[in-house]
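See below for upload.pdb, which holds PDB, C-alpha atoms and all ligand atoms.
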MODEL        1
ATOM      1  CA  MET A   1       0.000   0.000   0.000  1.00  0.00           C
ATOM      2  CA  SER A   2       1.390   3.419  -0.985  1.00  0.00           C
ATOM      3  CA  VAL A   3       1.724   6.280   1.520  1.00  0.00           C
ATOM      4  CA  LEU A   4      -1.150   8.062  -0.242  1.00  0.00           C
ATOM      5  CA  GLU A   5      -3.384   5.000   0.030  1.00  0.00           C
ATOM      6  CA  ARG A   6      -2.529   4.629   3.721  1.00  0.00           C
ATOM      7  CA  LEU A   7      -3.345   8.309   4.403  1.00  0.00           C
ATOM      8  CA  ARG A   8      -6.626   7.897   2.541  1.00  0.00           C
ATOM      9  CA  ALA A   9      -7.492   4.756   4.552  1.00  0.00           C
ATOM     10  CA  ILE A  10      -7.138   6.578   7.874  1.00  0.00           C
ATOM     11  CA  GLY A  11      -8.967   9.650   6.549  1.00  0.00           C
ATOM     12  CA  LEU A  12      -5.968  11.975   6.594  1.00  0.00           C
ATOM     13  CA  HIS A  13      -5.943  12.500   2.842  1.00  0.00           C
ATOM     14  CA  LYS A  14      -8.951  13.673   0.921  1.00  0.00           C
ATOM     15  CA  SER A  15      -9.125  13.441  -2.875  1.00  0.00           C
ATOM     16  CA  SER A  16      -9.817  17.227  -2.917  1.00  0.00           C
ATOM     17  CA  HIS A  17      -6.153  17.607  -1.782  1.00  0.00           C
ATOM     18  CA  ALA A  18      -4.932  15.656  -4.778  1.00  0.00           C
ATOM     19  CA  ARG A  19      -5.273  18.426  -7.365  1.00  0.00           C
ATOM     20  CA  PRO A  20      -3.114  21.051  -5.556  1.00  0.00           C
ATOM     21  CA  MET A  21      -0.592  18.306  -4.728  1.00  0.00           C
ATOM     22  CA  ARG A  22      -0.421  17.293  -8.404  1.00  0.00           C
ATOM     23  CA  LYS A  23       0.116  20.936  -9.310  1.00  0.00           C
ATOM     24  CA  TRP A  24       2.964  21.289  -6.787  1.00  0.00           C
ATOM     25  CA  ARG A  25       4.523  18.038  -7.966  1.00  0.00           C
ATOM     26  CA  LYS A  26       4.400  19.325 -11.560  1.00  0.00           C
ATOM     27  CA  ILE A  27       6.032  22.613 -10.498  1.00  0.00           C
ATOM     28  CA  ALA A  28       8.706  20.699  -8.542  1.00  0.00           C
ATOM     29  CA  ARG A  29       9.438  18.455 -11.542  1.00  0.00           C
ATOM     30  CA  ARG A  30       9.715  21.479 -13.841  1.00  0.00           C
ATOM     31  CA  LEU A  31      11.982  23.271 -11.364  1.00  0.00           C
ATOM     32  CA  ARG A  32      14.172  20.179 -11.033  1.00  0.00           C
ATOM     33  CA  SER A  33      14.571  19.827 -14.806  1.00  0.00           C
ATOM     34  CA  GLU A  34      15.345  23.586 -15.148  1.00  0.00           C
ATOM     35  CA  VAL A  35      17.986  23.360 -12.395  1.00  0.00           C
ATOM     36  CA  LEU A  36      19.552  20.242 -13.970  1.00  0.00           C
ATOM     37  CA  ASP A  37      19.529  21.834 -17.414  1.00  0.00           C
ATOM     38  CA  THR A  38      21.186  25.011 -16.100  1.00  0.00           C
ATOM     39  CA  ALA A  39      23.762  22.923 -14.191  1.00  0.00           C
ATOM     40  CA  ARG A  40      24.554  21.000 -17.399  1.00  0.00           C
ATOM     41  CA  ARG A  41      24.952  24.206 -19.399  1.00  0.00           C
ATOM     42  CA  VAL A  42      27.151  25.805 -16.722  1.00  0.00           C
ATOM     43  CA  GLY A  43      29.169  22.560 -16.598  1.00  0.00           C
ATOM     44  CA  MET A  44      29.705  22.567 -20.354  1.00  0.00           C
ATOM     45  CA  ARG A  45      30.801  26.218 -20.278  1.00  0.00           C
ATOM     46  CA  ALA A  46      33.153  25.436 -17.420  1.00  0.00           C
ATOM     47  CA  GLN A  47      34.725  22.419 -19.159  1.00  0.00           C
ATOM     48  CA  GLY A  48      35.458  24.610 -22.197  1.00  0.00           C
ATOM     49  CA  SER A  49      37.337  27.182 -20.140  1.00  0.00           C
ATOM     50  CA  SER A  50      41.089  27.372 -20.648  1.00  0.00           C
ATOM     51  CA  LEU A  51      41.337  27.607 -16.825  1.00  0.00           C
ATOM     52  CA  ILE A  52      40.404  23.906 -16.562  1.00  0.00           C
ATOM     53  CA  PRO A  53      43.550  21.738 -16.789  1.00  0.00           C
ATOM     54  CA  VAL A  54      43.564  19.449 -19.852  1.00  0.00           C
ATOM     55  CA  ALA A  55      44.005  16.442 -17.550  1.00  0.00           C
ATOM     56  CA  LEU A  56      40.713  17.170 -15.753  1.00  0.00           C
ATOM     57  CA  ARG A  57      38.539  17.933 -18.784  1.00  0.00           C
ATOM     58  CA  PRO A  58      37.672  14.348 -19.882  1.00  0.00           C
ATOM     59  CA  ALA A  59      36.425  13.488 -16.383  1.00  0.00           C
ATOM     60  CA  LEU A  60      34.270  16.628 -16.302  1.00  0.00           C
ATOM     61  CA  VAL A  61      32.863  15.935 -19.770  1.00  0.00           C
ATOM     62  CA  ARG A  62      32.122  12.303 -18.764  1.00  0.00           C
ATOM     63  CA  LEU A  63      30.264  13.619 -15.737  1.00  0.00           C
ATOM     64  CA  LEU A  64      28.111  15.649 -18.137  1.00  0.00           C
ATOM     65  CA  GLY A  65      27.049  12.469 -19.965  1.00  0.00           C
ATOM     66  CA  ARG A  66      29.422  12.224 -22.931  1.00  0.00           C
ATOM     67  CA  LYS A  67      31.084   8.835 -23.466  1.00  0.00           C
ATOM     68  CA  ILE A  68      34.807   9.553 -23.426  1.00  0.00           C
ATOM     69  CA  GLY A  69      37.428   6.782 -23.606  1.00  0.00           C
ATOM     70  CA  LYS A  70      40.731   6.572 -21.749  1.00  0.00           C
ATOM     71  CA  HIS A  71      43.716   8.839 -22.468  1.00  0.00           C
ATOM     72  CA  VAL A  72      41.607  11.318 -24.455  1.00  0.00           C
ATOM     73  CA  ILE A  73      42.906  14.892 -24.765  1.00  0.00           C
ATOM     74  CA  LEU A  74      40.261  17.592 -25.005  1.00  0.00           C
ATOM     75  CA  HIS A  75      41.509  21.113 -25.559  1.00  0.00           C
ATOM     76  CA  HIS A  76      39.648  24.235 -24.436  1.00  0.00           C
ATOM     77  CA  ASN A  77      36.828  26.223 -26.095  1.00  0.00           C
ATOM     78  CA  CYS A  78      35.158  23.233 -27.736  1.00  0.00           C
ATOM     79  CA  HIS A  79      31.424  22.676 -27.982  1.00  0.00           C
ATOM     80  CA  LEU A  80      30.835  18.973 -27.383  1.00  0.00           C
ATOM     81  CA  GLY A  81      27.185  18.029 -27.909  1.00  0.00           C
ATOM     82  CA  PRO A  82      25.506  15.549 -25.560  1.00  0.00           C
ATOM     83  CA  ASN A  83      25.157  12.669 -28.035  1.00  0.00           C
ATOM     84  CA  LEU A  84      28.900  12.157 -28.406  1.00  0.00           C
ATOM     85  CA  THR A  85      31.198   9.141 -28.064  1.00  0.00           C
ATOM     86  CA  ILE A  86      34.986   9.443 -28.291  1.00  0.00           C
ATOM     87  CA  GLY A  87      37.264   6.364 -28.280  1.00  0.00           C
ATOM     88  CA  HIS A  88      40.531   5.836 -26.417  1.00  0.00           C
ATOM     89  CA  GLY A  89      43.550   8.004 -27.134  1.00  0.00           C
ATOM     90  CA  SER A  90      41.803  10.575 -29.355  1.00  0.00           C
ATOM     91  CA  LEU A  91      42.621  14.276 -29.382  1.00  0.00           C
ATOM     92  CA  ILE A  92      40.181  17.131 -29.943  1.00  0.00           C
ATOM     93  CA  ASN A  93      42.029  20.365 -30.543  1.00  0.00           C
ATOM     94  CA  THR A  94      40.844  23.819 -29.527  1.00  0.00           C
ATOM     95  CA  GLN A  95      37.594  25.451 -30.812  1.00  0.00           C
ATOM     96  CA  CYS A  96      36.062  22.320 -32.317  1.00  0.00           C
ATOM     97  CA  LEU A  97      32.292  22.409 -32.662  1.00  0.00           C
ATOM     98  CA  ILE A  98      30.603  19.028 -32.507  1.00  0.00           C
ATOM     99  CA  GLU A  99      26.862  19.379 -32.910  1.00  0.00           C
ATOM    100  CA  THR A 100      24.992  16.202 -31.950  1.00  0.00           C
ATOM    101  CA  ASN A 101      21.323  16.370 -32.882  1.00  0.00           C
ATOM    102  CA  ALA A 102      22.111  12.869 -34.205  1.00  0.00           C
ATOM    103  CA  PRO A 103      24.827  10.708 -32.604  1.00  0.00           C
ATOM    104  CA  VAL A 104      28.471  11.472 -33.379  1.00  0.00           C
ATOM    105  CA  LEU A 105      30.889   8.585 -32.965  1.00  0.00           C
ATOM    106  CA  ILE A 106      34.591   9.402 -32.969  1.00  0.00           C
ATOM    107  CA  GLY A 107      36.794   6.303 -32.887  1.00  0.00           C
ATOM    108  CA  SER A 108      40.061   5.632 -31.097  1.00  0.00           C
ATOM    109  CA  ARG A 109      43.326   7.495 -31.824  1.00  0.00           C
ATOM    110  CA  VAL A 110      41.462  10.086 -33.923  1.00  0.00           C
ATOM    111  CA  HIS A 111      42.963  13.577 -34.178  1.00  0.00           C
ATOM    112  CA  LEU A 112      40.666  16.550 -34.804  1.00  0.00           C
ATOM    113  CA  GLY A 113      42.655  19.685 -35.671  1.00  0.00           C
ATOM    114  CA  MET A 114      41.643  23.076 -34.348  1.00  0.00           C
ATOM    115  CA  ARG A 115      38.240  24.506 -35.369  1.00  0.00           C
ATOM    116  CA  VAL A 116      36.815  21.338 -36.885  1.00  0.00           C
ATOM    117  CA  LEU A 117      33.039  21.499 -37.342  1.00  0.00           C
ATOM    118  CA  ILE A 118      30.982  18.316 -37.227  1.00  0.00           C
ATOM    119  CA  ALA A 119      27.388  19.006 -38.250  1.00  0.00           C
ATOM    120  CA  THR A 120      24.476  16.570 -37.962  1.00  0.00           C
ATOM    121  CA  SER A 121      21.452  18.834 -38.541  1.00  0.00           C
ATOM    122  CA  ILE A 122      19.446  19.296 -41.722  1.00  0.00           C
ATOM    123  CA  HIS A 123      16.415  21.499 -42.466  1.00  0.00           C
ATOM    124  CA  ASP A 124      13.606  20.818 -44.891  1.00  0.00           C
ATOM    125  CA  MET A 125      13.993  23.467 -47.627  1.00  0.00           C
ATOM    126  CA  SER A 126      10.640  23.058 -49.402  1.00  0.00           C
ATOM    127  CA  ASP A 127       8.896  26.104 -47.887  1.00  0.00           C
ATOM    128  CA  PRO A 128       9.852  29.307 -49.802  1.00  0.00           C
ATOM    129  CA  ALA A 129       8.720  31.414 -46.803  1.00  0.00           C
ATOM    130  CA  CYS A 130      11.262  29.695 -44.568  1.00  0.00           C
ATOM    131  CA  ARG A 131      14.005  27.553 -46.082  1.00  0.00           C
ATOM    132  CA  SER A 132      15.213  26.378 -42.661  1.00  0.00           C
ATOM    133  CA  GLY A 133      12.094  24.270 -42.196  1.00  0.00           C
ATOM    134  CA  LEU A 134      11.425  21.091 -40.258  1.00  0.00           C
ATOM    135  CA  HIS A 135      14.544  19.863 -38.571  1.00  0.00           C
ATOM    136  CA  SER A 136      16.116  16.420 -38.887  1.00  0.00           C
ATOM    137  CA  ALA A 137      19.589  15.021 -38.289  1.00  0.00           C
ATOM    138  CA  LEU A 138      21.977  12.334 -39.551  1.00  0.00           C
ATOM    139  CA  PRO A 139      24.774  10.680 -37.562  1.00  0.00           C
ATOM    140  CA  VAL A 140      28.475  11.190 -38.249  1.00  0.00           C
ATOM    141  CA  VAL A 141      31.137   8.526 -37.758  1.00  0.00           C
ATOM    142  CA  ILE A 142      34.899   9.090 -37.737  1.00  0.00           C
ATOM    143  CA  GLY A 143      36.859   5.841 -37.935  1.00  0.00           C
ATOM    144  CA  ASP A 144      39.794   4.810 -35.759  1.00  0.00           C
ATOM    145  CA  GLY A 145      43.084   6.525 -36.445  1.00  0.00           C
ATOM    146  CA  ALA A 146      41.683   9.218 -38.777  1.00  0.00           C
ATOM    147  CA  TRP A 147      43.225  12.702 -38.870  1.00  0.00           C
ATOM    148  CA  ILE A 148      40.926  15.660 -39.609  1.00  0.00           C
ATOM    149  CA  GLY A 149      42.852  18.820 -40.562  1.00  0.00           C
ATOM    150  CA  GLY A 150      42.193  22.183 -38.930  1.00  0.00           C
ATOM    151  CA  GLY A 151      39.026  24.045 -39.942  1.00  0.00           C
ATOM    152  CA  ALA A 152      37.501  21.076 -41.791  1.00  0.00           C
ATOM    153  CA  THR A 153      33.729  20.657 -41.898  1.00  0.00           C
ATOM    154  CA  ILE A 154      32.155  17.205 -41.772  1.00  0.00           C
ATOM    155  CA  MET A 155      28.607  17.246 -43.102  1.00  0.00           C
ATOM    156  CA  PRO A 156      25.561  15.356 -41.713  1.00  0.00           C
ATOM    157  CA  GLY A 157      25.490  11.628 -42.413  1.00  0.00           C
ATOM    158  CA  VAL A 158      29.161  11.333 -43.404  1.00  0.00           C
ATOM    159  CA  THR A 159      31.327   8.394 -42.382  1.00  0.00           C
ATOM    160  CA  ILE A 160      35.078   8.913 -42.487  1.00  0.00           C
ATOM    161  CA  GLY A 161      36.842   5.563 -42.813  1.00  0.00           C
ATOM    162  CA  ALA A 162      39.493   4.351 -40.402  1.00  0.00           C
ATOM    163  CA  GLY A 163      42.939   5.757 -41.102  1.00  0.00           C
ATOM    164  CA  ALA A 164      41.654   8.445 -43.500  1.00  0.00           C
ATOM    165  CA  VAL A 165      43.102  11.978 -43.643  1.00  0.00           C
ATOM    166  CA  ILE A 166      41.068  15.133 -44.358  1.00  0.00           C
ATOM    167  CA  GLY A 167      42.910  18.289 -45.486  1.00  0.00           C
ATOM    168  CA  ALA A 168      42.717  21.576 -43.618  1.00  0.00           C
ATOM    169  CA  ALA A 169      39.567  23.648 -44.308  1.00  0.00           C
ATOM    170  CA  SER A 170      37.994  20.885 -46.404  1.00  0.00           C
ATOM    171  CA  VAL A 171      34.233  20.356 -46.576  1.00  0.00           C
ATOM    172  CA  VAL A 172      33.445  16.639 -46.548  1.00  0.00           C
ATOM    173  CA  VAL A 173      30.069  16.007 -48.156  1.00  0.00           C
ATOM    174  CA  ARG A 174      30.229  12.249 -48.769  1.00  0.00           C
ATOM    175  CA  ASP A 175      31.675   9.128 -47.166  1.00  0.00           C
ATOM    176  CA  VAL A 176      35.453   8.796 -47.239  1.00  0.00           C
ATOM    177  CA  PRO A 177      36.954   5.301 -47.666  1.00  0.00           C
ATOM    178  CA  PRO A 178      39.502   4.069 -45.109  1.00  0.00           C
ATOM    179  CA  ASP A 179      43.191   4.935 -45.569  1.00  0.00           C
ATOM    180  CA  THR A 180      42.685   7.668 -48.165  1.00  0.00           C
ATOM    181  CA  VAL A 181      43.527  11.392 -48.220  1.00  0.00           C
ATOM    182  CA  TRP A 182      40.738  13.819 -49.203  1.00  0.00           C
ATOM    183  CA  ALA A 183      40.895  17.625 -49.390  1.00  0.00           C
ATOM    184  CA  GLY A 184      39.148  20.712 -50.785  1.00  0.00           C
ATOM    185  CA  ASN A 185      35.602  22.055 -50.941  1.00  0.00           C
ATOM    186  CA  PRO A 186      33.899  19.767 -51.675  1.00  0.00           C
ATOM    187  CA  ALA A 187      36.586  17.346 -50.536  1.00  0.00           C
ATOM    188  CA  ARG A 188      38.033  15.252 -53.374  1.00  0.00           C
ATOM    189  CA  PHE A 189      40.206  12.159 -53.401  1.00  0.00           C
ATOM    190  CA  ILE A 190      43.893  13.081 -53.224  1.00  0.00           C
ATOM    191  CA  ARG A 191      45.621   9.749 -52.772  1.00  0.00           C
ATOM    192  CA  SER A 192      45.550   6.379 -51.049  1.00  0.00           C
ATOM    193  CA  LEU A 193      47.590   5.610 -47.972  1.00  0.00           C
ATOM    194  CA  ALA A 194      47.038   1.867 -48.301  1.00  0.00           C
ATOM    195  CA  GLU A 195      49.742  -0.299 -49.847  1.00  0.00           C
ATOM    196  CA  PRO A 196      48.954  -0.126 -53.618  1.00  0.00           C
ATOM    197  CA  ALA A 197      48.749  -3.458 -55.472  1.00  0.00           C
ATOM    198  CA  SER A 198      51.646  -3.418 -57.975  1.00  0.00           C
ATOM    199  CA  GLY A 199      50.775  -1.831 -61.309  1.00  0.00           C
ATOM    200  CA  VAL A 200      47.332  -0.715 -60.153  1.00  0.00           C
ATOM    201  CA  SER A 201      46.534   2.993 -59.907  1.00  0.00           C
ATOM    202  CA  ASP A 202      45.181   4.163 -56.535  1.00  0.00           C
ATOM    203  CA  ARG A 203      42.884   6.716 -58.199  1.00  0.00           C
ATOM    204  CA  PRO A 204      39.215   5.696 -58.253  1.00  0.00           C
ATOM    205  CA  ALA A 205      37.639   5.255 -61.703  1.00  0.00           C
ATOM    206  CA  ALA A 206      36.275   8.579 -63.018  1.00  0.00           C
TER     207      ALA A 206
HETATM  208  C1  LIG A 301      45.717  16.935 -46.682  1.00  0.00           C
HETATM  209  C2  LIG A 301      47.194  17.010 -46.410  1.00  0.00           C
HETATM  210  C3  LIG A 301      47.572  16.062 -45.271  1.00  0.00           C
HETATM  211  C4  LIG A 301      47.829  16.531 -47.717  1.00  0.00           C
HETATM  212  O1  LIG A 301      49.185  16.522 -47.596  1.00  0.00           O
HETATM  213  P1  LIG A 301      50.046  15.868 -48.792  1.00  0.00           P
HETATM  214  O2  LIG A 301      49.716  14.434 -48.960  1.00  0.00           O
HETATM  215  O3  LIG A 301      51.457  16.207 -48.518  1.00  0.00           O
HETATM  216  O4  LIG A 301      49.482  16.563 -50.087  1.00  0.00           O
HETATM  217  P2  LIG A 301      50.171  17.621 -51.058  1.00  0.00           P
HETATM  218  O5  LIG A 301      50.597  18.827 -50.310  1.00  0.00           O
HETATM  219  O6  LIG A 301      51.169  16.882 -51.875  1.00  0.00           O
HETATM  220  O7  LIG A 301      48.930  18.039 -51.990  1.00  0.00           O
HETATM  221  C5  LIG A 301      48.332  17.124 -52.871  1.00  0.00           C
HETATM  222  C6  LIG A 301      47.185  17.819 -53.566  1.00  0.00           C
HETATM  223  O8  LIG A 301      46.162  18.110 -52.603  1.00  0.00           O
HETATM  224  C7  LIG A 301      45.894  19.498 -52.578  1.00  0.00           C
HETATM  225  N1  LIG A 301      45.654  19.858 -51.167  1.00  0.00           N
HETATM  226  C8  LIG A 301      46.411  19.545 -50.104  1.00  0.00           C
HETATM  227  N2  LIG A 301      45.860  20.001 -48.990  1.00  0.00           N
HETATM  228  C9  LIG A 301      44.729  20.622 -49.353  1.00  0.00           C
HETATM  229  C10 LIG A 301      43.713  21.294 -48.654  1.00  0.00           C
HETATM  230  N3  LIG A 301      43.756  21.396 -47.321  1.00  0.00           N
HETATM  231  N4  LIG A 301      42.664  21.793 -49.337  1.00  0.00           N
HETATM  232  C11 LIG A 301      42.610  21.678 -50.690  1.00  0.00           C
HETATM  233  N5  LIG A 301      43.539  21.031 -51.402  1.00  0.00           N
HETATM  234  C12 LIG A 301      44.574  20.519 -50.754  1.00  0.00           C
HETATM  235  C13 LIG A 301      47.142  20.149 -53.127  1.00  0.00           C
HETATM  236  O9  LIG A 301      46.842  21.421 -53.672  1.00  0.00           O
HETATM  237  C14 LIG A 301      47.547  19.167 -54.168  1.00  0.00           C
HETATM  238  O10 LIG A 301      46.711  19.330 -55.294  1.00  0.00           O
HETATM  239  P3  LIG A 301      47.261  19.082 -56.812  1.00  0.00           P
HETATM  240  O11 LIG A 301      47.668  17.622 -56.847  1.00  0.00           O
HETATM  241  O12 LIG A 301      46.093  19.403 -57.684  1.00  0.00           O
HETATM  242  O13 LIG A 301      48.409  20.009 -56.950  1.00  0.00           O
HETATM  243  C15 LIG A 301      47.669  18.423 -46.001  1.00  0.00           C
HETATM  244  O14 LIG A 301      47.665  19.274 -47.127  1.00  0.00           O
HETATM  245  C16 LIG A 301      46.778  19.054 -44.940  1.00  0.00           C
HETATM  246  O15 LIG A 301      45.772  19.720 -45.221  1.00  0.00           O
HETATM  247  N6  LIG A 301      47.167  18.837 -43.657  1.00  0.00           N
HETATM  248  C17 LIG A 301      46.428  19.336 -42.511  1.00  0.00           C
HETATM  249  C18 LIG A 301      47.287  20.292 -41.718  1.00  0.00           C
HETATM  250  C19 LIG A 301      46.569  20.828 -40.504  1.00  0.00           C
HETATM  251  O16 LIG A 301      45.373  21.067 -40.540  1.00  0.00           O
HETATM  252  N7  LIG A 301      47.298  20.982 -39.417  1.00  0.00           N
HETATM  253  C20 LIG A 301      46.721  21.501 -38.167  1.00  0.00           C
HETATM  254  C21 LIG A 301      45.802  20.545 -37.473  1.00  0.00           C
HETATM  255  S1  LIG A 301      46.608  19.157 -36.766  1.00  0.00           S
ENDMDL
END
Whole structure given in structure tokens:
Amino acid sequence: MSVLERLRAIGLHKSSHARPMRKWRKIARRLRSEVLDTARRVGMRAQGSSLIPVALRPALVRLLGRKIGKHVILHHNCHLGPNLTIGHGSLINTQCLIETNAPVLIGSRVHLGMRVLIATSIHDMSDPACRSGLHSALPVVIGDGAWIGGGATIMPGVTIGAGAVIGAASVVVRDVPPDTVWAGNPARFIRSLAEPASGVSDRPAA
């Protein structure tokens, strides 16, 4: 028997009390979620501060719900969205912006140069009165060992293969195969880093 049922049984709780109690419970729940939300936002601002030692940042970011592996280095002034997983030994350089309206999975031993942008959000563009219409999102995956050059942008839905390299300031609009170098806007294939089979060109067919 619940406390409420017990109180009712001995006549100490009347159903006319229930409505105000429900209202107060609703207010308390709302207050709790506002306080938690503010604490999370303050926490994320704090973790981004250059005053926080690099060694402490992963623990703080883990506390705020991101899944961060061991020996990860997170530099200051990064925005790290909530739906983020980073594997062991990866490095996120300063001023990276990782937006996670869909999940972002960064593998192990990945290096993100400074000011990398990972975007997951898309808007429906069919309404001429407002081209940033209904919002949706696609996940981004960065494979183990990849290196993303400074200022690169990774677009929604893109998977960067393991061991791939993306040139500085590139805009990656489609999936990148493992162990290849891509650069430019839009990023194009530069060369393969895999051992080439003898006599076979590493350039993809045009
Ligand atoms: C992508 C990168 C690794 C390629 O290095 P590389 O293999 O030595 O390539 P090269 O310099 O020989 O260039 C090969 C071609 O790619 C082009 N290219 C290289 N980097 C480019 C870039 N960032 N954007 C556009 N094109 C690029 C070159 O112009 C060249 O084109 P071409 O064959 O038509 O002349 C390097 O250019 C790069 O961007 N490194 C990132 C550096 C960085 O961001 N450091 C700070 C963060 S850790």
Let me see if you get this right: every residue at most 7 Å from ligand LIG 301 (chain A), counting only C-alpha atoms and all ligand atoms, written as a list in words.
Leu112, Gly113, Met114, Gly149, Gly150, Val165, Ile166, Gly167, Ala168, Ala169, Ser170, Val181, Trp182, Ala183, Gly184 and Ile190 of chain A
I would like the residues chosen by the PyMOL selection byres (((chain A and resi 172) around 8) and not hetatm) on the shown file; could you give them as JSON, numbers by chain?
{"A": [152, 153, 154, 155, 158, 170, 171, 173, 174, 175, 185, 186, 187]}
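Put simply, CA of Ser192 in chain A is 19.7 Å away from CA of Val141 in chain A.
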Find, counting all atoms listed in the file, the residue in A:Gly81, A:Leu105, A:Arg115, A:Ala46 that gets nearest to Asn93 in chain A.
A:Arg115
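Comparing A:Leu51, A:Leu138, A:Ala146, A:Thr159 by their smallest distance to Asp179 in chain A, the closest is A:Ala146 (using all atoms listed in the file).
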Would you please work out which residue, of A:Ile68, A:Val54, A:Ile118, A:Ala137, is nearest to Ala102 in chain A when using only C-alpha atoms?
A:Ala137
Have a look at A:Trp24, A:Asn77, A:Gly69, A:Ile98 and name the one nearest to Gln47 in chain A; count only C-alpha atoms.
A:Asn77
Could you expand the PyMOL selection byres (((chain A and resi 76) around 10) and not hetatm) into the explicit residues it covers here, written as a PDB file with C-alpha atoms, in the coordinates of the input?
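Saved file selection.pdb follows:
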ATOM      1  CA  ARG A  45      30.801  26.218 -20.278  1.00  0.00           C
ATOM      2  CA  ALA A  46      33.153  25.436 -17.420  1.00  0.00           C
ATOM      3  CA  GLN A  47      34.725  22.419 -19.159  1.00  0.00           C
ATOM      4  CA  GLY A  48      35.458  24.610 -22.197  1.00  0.00           C
ATOM      5  CA  SER A  49      37.337  27.182 -20.140  1.00  0.00           C
ATOM      6  CA  SER A  50      41.089  27.372 -20.648  1.00  0.00           C
ATOM      7  CA  LEU A  51      41.337  27.607 -16.825  1.00  0.00           C
ATOM      8  CA  ILE A  52      40.404  23.906 -16.562  1.00  0.00           C
ATOM      9  CA  PRO A  53      43.550  21.738 -16.789  1.00  0.00           C
ATOM     10  CA  VAL A  54      43.564  19.449 -19.852  1.00  0.00           C
ATOM     11  CA  ARG A  57      38.539  17.933 -18.784  1.00  0.00           C
ATOM     12  CA  ILE A  73      42.906  14.892 -24.765  1.00  0.00           C
ATOM     13  CA  LEU A  74      40.261  17.592 -25.005  1.00  0.00           C
ATOM     14  CA  HIS A  75      41.509  21.113 -25.559  1.00  0.00           C
ATOM     15  CA  ASN A  77      36.828  26.223 -26.095  1.00  0.00           C
ATOM     16  CA  CYS A  78      35.158  23.233 -27.736  1.00  0.00           C
ATOM     17  CA  HIS A  79      31.424  22.676 -27.982  1.00  0.00           C
ATOM     18  CA  ILE A  92      40.181  17.131 -29.943  1.00  0.00           C
ATOM     19  CA  ASN A  93      42.029  20.365 -30.543  1.00  0.00           C
ATOM     20  CA  THR A  94      40.844  23.819 -29.527  1.00  0.00           C
ATOM     21  CA  GLN A  95      37.594  25.451 -30.812  1.00  0.00           C
ATOM     22  CA  CYS A  96      36.062  22.320 -32.317  1.00  0.00           C
TER      23      CYS A  96
END
What lies within 10 Å of Ala164 in chain A using only C-alpha atoms, ignoring chain neighbours under 5 positions off, as a PyMOL selection string?
chain A and resi 110+142-148+176-182+192-194
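Taking CA of Met44 in chain A as the reference point, CA of Lys26 in chain A is found at 27.0 Å.
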Just need the box for range 146-158 of chain A, edges along x, y and z, holding every atom the file lists for it with 4 Å tacked onto each side, so centre and edge lengths in Å to one decimal, as AutoDock Vina command-line options.
--center_x 34.4 --center_y 16.6 --center_z -41.1 --size_x 25.7 --size_y 22.8 --size_z 12.6
Straight-line distance linking CA of Leu91 in chain A with CA of Ala55 in chain A, stated in Å to one decimal
12.1 Å
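Residue membership of the PyMOL selection byres (((chain A and resi 135) around 8) and not hetatm) in the shown file amounts to Ser121, Ile122, His123, Asp124, Ser132, Gly133, Leu134, Ser136 and Ala137 of chain A.
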Got a sec to check which residues sit within 6 Å of (42.5, 11.0, -21.7), counting only C-alpha atoms, and write them as a PyMOL selection string?
chain A and resi 70-73
From the options A:Pro139, A:Pro103, A:Pro128, A:Glu34, which residue's atoms come nearest to Arg66 in chain A, counting only C-alpha atoms?
A:Pro103
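For the set A:Arg41, A:Pro156, A:Glu5, A:Ala129, the residue with the smallest atom-to-atom gap to Leu117 in chain A is A:Pro156, counting only C-alpha atoms.
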